[in-house]
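Chemist: Submitted below is the structure of interest, expressed as structure tokens.
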Amino acid sequence: MADPSTSIMAGTTPAQPLRALEALGGHYGSGPGVAMTPIPARAHVSLRSRPETVSALGQALGIALPLRPKTSAEADGLAALWLGPEDWLLVGADAASRSATDLIAAVEGSGIAAHSAVDVSNRYVGITVDGPAAQAVLSAGCPQDLRLRTFPVGAVSRSVMSKADVVIWRRGETRFEVLCVRSFADYVWAFLVEAARAPAV
């Protein structure tokens, strides 16, 4: 007897992998000098590797994995964010760029055994915080020094937003991306909206 979990009715197509609903779909927030918008779904892959395999993995992915703390690299619709020693987050530019499945296949196809690549696309929710007051809004809940001279364009770091763990990535002089786990998305969004009411610029 066929396994009900794998059987397909006649005339139908195989089911696609389930993806989580957009946690902040339809949200928009703004304040004096700042706007917040949810980032549409995209690939996120947690990558870990020993130092001796970093170069080969980068070649397999088509991107030079950053080796300096709090830095990032981008190439061909893919970004690699340094989150810690031997720890990167791969981020697709958008849903149309390389999928998490493609990225993991590239890593697995490299033939390098000393690594870990895990699809965490449904774990992270992204929010763009953009405008001349963006830094002030983030600083309302983040203790890290986000001034341009200490946190330049391309800088990325794990930090906190009030009581939530986040990843903050500076995409431009006045534009940031905040990544948080899905269960804290509403909390982080509400905090940013409140902070945007009167940013301390």
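Chains: A, B, ... in order of the structure tokens. Residues: from 1 per chain. Ligands: from 1, in order shown.
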Using DSSP assignments from the backbone, pull out every residue in segment 1-200 of chain A that falls under helix (DSSP H, G or I) and give it to me as a ChimeraX atom specification.
Modeler: /A:51-61,100-108,134-139,182-195
Chemist: If you count only C-alpha atoms, which residues fall within 12 Å of Thr150 of chain A, apart from same-chain ones fewer than 4 positions away, as a ChimeraX atom specification?
Modeler: /A:70-71,144-146,154-157,170,173
Chemist: Could those residues be written to a file, using N, CA and C atoms, as a compact mmCIF listing (two decimals), in the first residue's frame?
Modeler:
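Contents of part-v5.txt, freshly written:
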```txt
# COMPACT_ATOMS: atom_id res chain seq x y z
N LYS A 70 32.65 41.50 11.53
CA LYS A 70 31.67 42.55 11.25
C LYS A 70 31.73 43.07 9.82
N THR A 71 32.09 42.18 8.86
CA THR A 71 32.12 42.59 7.46
C THR A 71 31.21 41.70 6.64
N GLN A 144 24.94 49.07 20.50
CA GLN A 144 26.14 49.12 19.66
C GLN A 144 26.32 50.50 19.04
N ASP A 145 27.55 50.91 18.86
CA ASP A 145 27.86 52.19 18.21
C ASP A 145 27.63 52.03 16.71
N LEU A 146 26.58 52.65 16.20
CA LEU A 146 26.22 52.51 14.79
C LEU A 146 26.61 53.72 13.96
N GLY A 154 28.30 48.26 4.69
CA GLY A 154 28.72 46.86 4.57
C GLY A 154 28.96 46.19 5.90
N ALA A 155 29.05 46.96 6.99
CA ALA A 155 29.29 46.37 8.30
C ALA A 155 28.06 45.57 8.74
N VAL A 156 28.31 44.51 9.47
CA VAL A 156 27.23 43.64 9.94
C VAL A 156 27.62 43.10 11.31
N SER A 157 26.63 42.97 12.18
CA SER A 157 26.94 42.49 13.52
C SER A 157 25.71 41.90 14.18
N ARG A 170 24.50 47.27 7.71
CA ARG A 170 24.43 48.61 7.11
C ARG A 170 24.55 48.48 5.61
N GLU A 173 24.66 54.65 3.65
CA GLU A 173 24.94 55.62 4.71
C GLU A 173 23.73 55.84 5.62
```
Chemist: Rounded to one decimal in Å, what is the spacing between atom CA of Cys180 of chain A and atom CA of Ala113 of chain A?
Modeler: 29.6 Å
Chemist: Within 12 Å of Ile168 of chain A, counting only C-alpha atoms, which residues show up once you throw out same-chain ones fewer than 5 positions away? Write them as a compact mmCIF listing (two decimals) with N, CA and C atoms, in the first residue's frame, please.
Modeler:
```txt
# COMPACT_ATOMS: atom_id res chain seq x y z
N LYS A 70 32.65 41.50 11.53
CA LYS A 70 31.67 42.55 11.25
C LYS A 70 31.73 43.07 9.82
N THR A 71 32.09 42.18 8.86
CA THR A 71 32.12 42.59 7.46
C THR A 71 31.21 41.70 6.64
N SER A 72 30.96 42.12 5.41
CA SER A 72 30.12 41.37 4.49
C SER A 72 30.72 41.44 3.10
N LEU A 81 27.47 37.27 5.15
CA LEU A 81 27.64 38.09 6.33
C LEU A 81 28.47 37.35 7.37
N TRP A 82 29.56 37.97 7.84
CA TRP A 82 30.39 37.38 8.89
C TRP A 82 29.67 37.56 10.22
N LEU A 83 29.33 36.45 10.88
CA LEU A 83 28.64 36.53 12.16
C LEU A 83 29.51 36.08 13.33
N VAL A 125 13.33 37.10 9.69
CA VAL A 125 12.47 38.13 9.12
C VAL A 125 13.30 39.39 9.01
N GLY A 126 13.26 40.03 7.84
CA GLY A 126 14.07 41.22 7.62
C GLY A 126 13.23 42.48 7.56
N ILE A 127 13.79 43.57 8.07
CA ILE A 127 13.15 44.89 8.04
C ILE A 127 14.17 45.90 7.55
N THR A 128 13.81 46.68 6.54
CA THR A 128 14.65 47.78 6.09
C THR A 128 14.29 49.03 6.89
N VAL A 129 15.31 49.70 7.42
CA VAL A 129 15.15 50.96 8.14
C VAL A 129 15.97 51.98 7.36
N ALA A 134 17.53 56.93 10.46
CA ALA A 134 17.56 55.47 10.67
C ALA A 134 18.49 55.09 11.80
N GLN A 135 19.68 55.67 11.83
CA GLN A 135 20.63 55.32 12.88
C GLN A 135 20.07 55.67 14.26
N LEU A 138 17.43 53.05 15.34
CA LEU A 138 18.03 51.80 15.78
C LEU A 138 18.74 51.96 17.12
N SER A 139 19.38 53.10 17.30
CA SER A 139 20.13 53.33 18.54
C SER A 139 19.22 53.46 19.75
N GLY A 141 17.22 51.30 20.68
CA GLY A 141 17.13 49.99 21.31
C GLY A 141 18.38 49.15 21.19
N CYS A 142 19.40 49.67 20.48
CA CYS A 142 20.62 48.90 20.25
C CYS A 142 21.80 49.60 20.92
N PRO A 143 22.53 48.91 21.81
CA PRO A 143 23.64 49.54 22.51
C PRO A 143 24.91 49.69 21.66
N GLN A 144 24.94 49.07 20.50
CA GLN A 144 26.14 49.12 19.66
C GLN A 144 26.32 50.50 19.04
N ASP A 145 27.55 50.91 18.86
CA ASP A 145 27.86 52.19 18.21
C ASP A 145 27.63 52.03 16.71
N LEU A 146 26.58 52.65 16.20
CA LEU A 146 26.22 52.51 14.79
C LEU A 146 26.61 53.72 13.96
N PHE A 151 30.81 52.02 12.13
CA PHE A 151 29.97 50.97 11.54
C PHE A 151 29.70 51.37 10.10
N PRO A 152 30.70 51.21 9.22
CA PRO A 152 30.59 51.73 7.85
C PRO A 152 29.66 50.90 6.97
N VAL A 153 29.42 51.38 5.77
CA VAL A 153 28.59 50.66 4.81
C VAL A 153 29.16 49.26 4.60
N GLY A 154 28.30 48.26 4.69
CA GLY A 154 28.72 46.86 4.57
C GLY A 154 28.96 46.19 5.90
N ALA A 155 29.05 46.96 6.99
CA ALA A 155 29.29 46.37 8.30
C ALA A 155 28.06 45.57 8.74
N VAL A 156 28.31 44.51 9.47
CA VAL A 156 27.23 43.64 9.94
C VAL A 156 27.62 43.10 11.31
N SER A 157 26.63 42.97 12.18
CA SER A 157 26.94 42.49 13.52
C SER A 157 25.71 41.90 14.18
N ARG A 158 25.94 40.89 14.99
CA ARG A 158 24.90 40.44 15.91
C ARG A 158 24.79 41.46 17.03
N SER A 159 23.59 41.73 17.45
CA SER A 159 23.38 42.68 18.54
C SER A 159 22.01 42.42 19.15
N VAL A 160 21.47 43.40 19.85
CA VAL A 160 20.13 43.29 20.40
C VAL A 160 19.34 44.53 20.03
N MET A 161 18.03 44.36 19.91
CA MET A 161 17.09 45.47 19.74
C MET A 161 16.15 45.40 20.92
N ARG A 175 20.86 53.64 5.37
CA ARG A 175 19.98 52.48 5.19
C ARG A 175 20.55 51.26 5.89
N PHE A 176 19.70 50.62 6.68
CA PHE A 176 20.08 49.43 7.42
C PHE A 176 19.07 48.31 7.14
N GLU A 177 19.52 47.08 7.35
CA GLU A 177 18.61 45.94 7.40
C GLU A 177 18.73 45.31 8.78
N VAL A 178 17.59 45.01 9.37
CA VAL A 178 17.53 44.35 10.67
C VAL A 178 16.94 42.97 10.45
N LEU A 179 17.65 41.93 10.87
CA LEU A 179 17.17 40.56 10.77
C LEU A 179 16.89 40.05 12.18
N CYS A 180 15.70 39.51 12.37
CA CYS A 180 15.36 38.94 13.67
C CYS A 180 14.68 37.60 13.46
```
Chemist: Tell me which of A:Arg50, A:Arg147, A:Arg123, A:Arg42 sits closest to Ser97 of chain A, counting only C-alpha atoms.
Modeler: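 Closest candidate: A:Arg42.
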Chemist: Running DSSP on the backbone, which parts of segment 62-136 of chain A land in strand (DSSP E or B), as a PDB file with N, CA and C atoms, in the first residue's frame?
Modeler:
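Wrote selection-v3.pdb, looks like this:
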```
ATOM      1  N   SER A  72      30.960  42.124   5.409  1.00  0.00           N
ATOM      2  CA  SER A  72      30.120  41.369   4.488  1.00  0.00           C
ATOM      3  C   SER A  72      30.718  41.437   3.097  1.00  0.00           C
ATOM      4  N   ALA A  73      30.232  40.566   2.234  1.00  0.00           N
ATOM      5  CA  ALA A  73      30.652  40.562   0.829  1.00  0.00           C
ATOM      6  C   ALA A  73      29.422  40.264  -0.013  1.00  0.00           C
ATOM      7  N   GLU A  74      29.417  40.785  -1.255  1.00  0.00           N
ATOM      8  CA  GLU A  74      28.288  40.561  -2.158  1.00  0.00           C
ATOM      9  C   GLU A  74      28.800  40.239  -3.553  1.00  0.00           C
ATOM     10  N   ALA A  75      28.097  39.332  -4.239  1.00  0.00           N
ATOM     11  CA  ALA A  75      28.431  38.972  -5.616  1.00  0.00           C
ATOM     12  C   ALA A  75      27.281  38.185  -6.224  1.00  0.00           C
ATOM     13  N   LEU A  78      24.076  37.401  -4.252  1.00  0.00           N
ATOM     14  CA  LEU A  78      24.301  36.681  -2.995  1.00  0.00           C
ATOM     15  C   LEU A  78      25.161  37.541  -2.079  1.00  0.00           C
ATOM     16  N   ALA A  79      24.840  37.548  -0.801  1.00  0.00           N
ATOM     17  CA  ALA A  79      25.658  38.218   0.203  1.00  0.00           C
ATOM     18  C   ALA A  79      26.096  37.206   1.246  1.00  0.00           C
ATOM     19  N   ALA A  80      27.298  37.404   1.771  1.00  0.00           N
ATOM     20  CA  ALA A  80      27.817  36.584   2.859  1.00  0.00           C
ATOM     21  C   ALA A  80      28.120  37.507   4.027  1.00  0.00           C
ATOM     22  N   LEU A  81      27.471  37.265   5.155  1.00  0.00           N
ATOM     23  CA  LEU A  81      27.641  38.095   6.334  1.00  0.00           C
ATOM     24  C   LEU A  81      28.469  37.350   7.372  1.00  0.00           C
ATOM     25  N   TRP A  82      29.559  37.975   7.841  1.00  0.00           N
ATOM     26  CA  TRP A  82      30.390  37.375   8.888  1.00  0.00           C
ATOM     27  C   TRP A  82      29.674  37.560  10.219  1.00  0.00           C
ATOM     28  N   LEU A  83      29.326  36.452  10.880  1.00  0.00           N
ATOM     29  CA  LEU A  83      28.638  36.530  12.164  1.00  0.00           C
ATOM     30  C   LEU A  83      29.507  36.079  13.327  1.00  0.00           C
ATOM     31  N   GLY A  84      30.612  35.442  13.019  1.00  0.00           N
ATOM     32  CA  GLY A  84      31.501  34.957  14.066  1.00  0.00           C
ATOM     33  C   GLY A  84      32.584  34.103  13.444  1.00  0.00           C
ATOM     34  N   ASP A  87      31.699  31.271  10.942  1.00  0.00           N
ATOM     35  CA  ASP A  87      30.237  31.335  10.948  1.00  0.00           C
ATOM     36  C   ASP A  87      29.765  32.475  10.041  1.00  0.00           C
ATOM     37  N   TRP A  88      29.001  32.121   8.990  1.00  0.00           N
ATOM     38  CA  TRP A  88      28.480  33.114   8.042  1.00  0.00           C
ATOM     39  C   TRP A  88      26.984  32.896   7.842  1.00  0.00           C
ATOM     40  N   LEU A  89      26.312  33.970   7.450  1.00  0.00           N
ATOM     41  CA  LEU A  89      24.931  33.872   7.003  1.00  0.00           C
ATOM     42  C   LEU A  89      24.918  34.264   5.532  1.00  0.00           C
ATOM     43  N   LEU A  90      24.483  33.332   4.683  1.00  0.00           N
ATOM     44  CA  LEU A  90      24.331  33.610   3.257  1.00  0.00           C
ATOM     45  C   LEU A  90      22.927  34.150   3.032  1.00  0.00           C
ATOM     46  N   VAL A  91      22.833  35.254   2.280  1.00  0.00           N
ATOM     47  CA  VAL A  91      21.548  35.914   2.075  1.00  0.00           C
ATOM     48  C   VAL A  91      21.340  36.155   0.585  1.00  0.00           C
ATOM     49  N   GLY A  92      20.233  35.652   0.040  1.00  0.00           N
ATOM     50  CA  GLY A  92      19.894  35.924  -1.348  1.00  0.00           C
ATOM     51  C   GLY A  92      19.411  37.353  -1.505  1.00  0.00           C
ATOM     52  N   HIS A 115      32.182  21.102   6.812  1.00  0.00           N
ATOM     53  CA  HIS A 115      31.313  22.269   6.763  1.00  0.00           C
ATOM     54  C   HIS A 115      29.912  21.896   7.244  1.00  0.00           C
ATOM     55  N   SER A 116      29.114  22.914   7.464  1.00  0.00           N
ATOM     56  CA  SER A 116      27.688  22.735   7.759  1.00  0.00           C
ATOM     57  C   SER A 116      26.935  23.827   7.022  1.00  0.00           C
ATOM     58  N   ALA A 117      25.917  23.454   6.261  1.00  0.00           N
ATOM     59  CA  ALA A 117      25.082  24.416   5.539  1.00  0.00           C
ATOM     60  C   ALA A 117      23.623  24.064   5.795  1.00  0.00           C
ATOM     61  N   VAL A 118      22.887  24.991   6.418  1.00  0.00           N
ATOM     62  CA  VAL A 118      21.512  24.716   6.845  1.00  0.00           C
ATOM     63  C   VAL A 118      20.592  25.819   6.335  1.00  0.00           C
ATOM     64  N   ASP A 119      19.457  25.412   5.749  1.00  0.00           N
ATOM     65  CA  ASP A 119      18.449  26.362   5.286  1.00  0.00           C
ATOM     66  C   ASP A 119      17.735  26.956   6.499  1.00  0.00           C
ATOM     67  N   TYR A 124      14.473  33.709   9.702  1.00  0.00           N
ATOM     68  CA  TYR A 124      14.726  35.148   9.751  1.00  0.00           C
ATOM     69  C   TYR A 124      13.638  35.976   9.071  1.00  0.00           C
ATOM     70  N   VAL A 125      13.334  37.104   9.687  1.00  0.00           N
ATOM     71  CA  VAL A 125      12.469  38.126   9.115  1.00  0.00           C
ATOM     72  C   VAL A 125      13.296  39.395   9.010  1.00  0.00           C
ATOM     73  N   GLY A 126      13.265  40.031   7.838  1.00  0.00           N
ATOM     74  CA  GLY A 126      14.073  41.224   7.623  1.00  0.00           C
ATOM     75  C   GLY A 126      13.233  42.483   7.560  1.00  0.00           C
ATOM     76  N   ILE A 127      13.794  43.571   8.072  1.00  0.00           N
ATOM     77  CA  ILE A 127      13.148  44.885   8.039  1.00  0.00           C
ATOM     78  C   ILE A 127      14.167  45.898   7.553  1.00  0.00           C
ATOM     79  N   THR A 128      13.807  46.682   6.539  1.00  0.00           N
ATOM     80  CA  THR A 128      14.653  47.781   6.095  1.00  0.00           C
ATOM     81  C   THR A 128      14.295  49.028   6.889  1.00  0.00           C
ATOM     82  N   VAL A 129      15.311  49.696   7.422  1.00  0.00           N
ATOM     83  CA  VAL A 129      15.146  50.959   8.135  1.00  0.00           C
ATOM     84  C   VAL A 129      15.973  51.985   7.365  1.00  0.00           C
ATOM     85  N   ASP A 130      15.282  52.945   6.748  1.00  0.00           N
ATOM     86  CA  ASP A 130      15.944  53.811   5.777  1.00  0.00           C
ATOM     87  C   ASP A 130      15.603  55.278   6.034  1.00  0.00           C
TER      88      ASP A 130
END
```
Chemist: Which residues are near segment 184-200 of chain A? Cut-off 7 Å, only C-alpha atoms, ignore same chain within fewer than 3 positions. Put them as a VMD selection string.
Modeler: chain A and resid 23 29 to 32 34 125 133 136 to 137 140 161 164 180 to 181
Chemist: What lies within 10 Å of Glu22 of chain A using only C-alpha atoms, ignoring chain neighbours under 5 positions off, as a ChimeraX atom specification?
Modeler: /A:38-41,122,125,182
Chemist: Those same residues - N, CA and C atoms - I'd like them written as a tab-separated table (two decimals), in the first residue's frame.
Modeler:
```
chain	number	residue	atom	x	y	z
A	38	PRO	N	9.03	45.85	5.59
A	38	PRO	CA	9.45	44.45	5.67
A	38	PRO	C	10.16	44.04	4.37
A	39	ILE	N	11.12	43.16	4.50
A	39	ILE	CA	11.85	42.64	3.34
A	39	ILE	C	11.15	41.36	2.88
A	40	PRO	N	10.79	41.27	1.59
A	40	PRO	CA	10.13	40.05	1.11
A	40	PRO	C	10.99	38.81	1.32
A	41	ALA	N	10.35	37.65	1.26
A	41	ALA	CA	11.04	36.39	1.49
A	41	ALA	C	12.25	36.24	0.58
A	122	ASN	N	13.21	30.35	6.77
A	122	ASN	CA	11.99	30.62	7.53
A	122	ASN	C	12.27	31.11	8.95
A	125	VAL	N	13.33	37.10	9.69
A	125	VAL	CA	12.47	38.13	9.12
A	125	VAL	C	13.30	39.39	9.01
A	182	ARG	N	11.75	34.90	13.58
A	182	ARG	CA	10.34	35.08	13.27
A	182	ARG	C	9.47	35.34	14.51
```
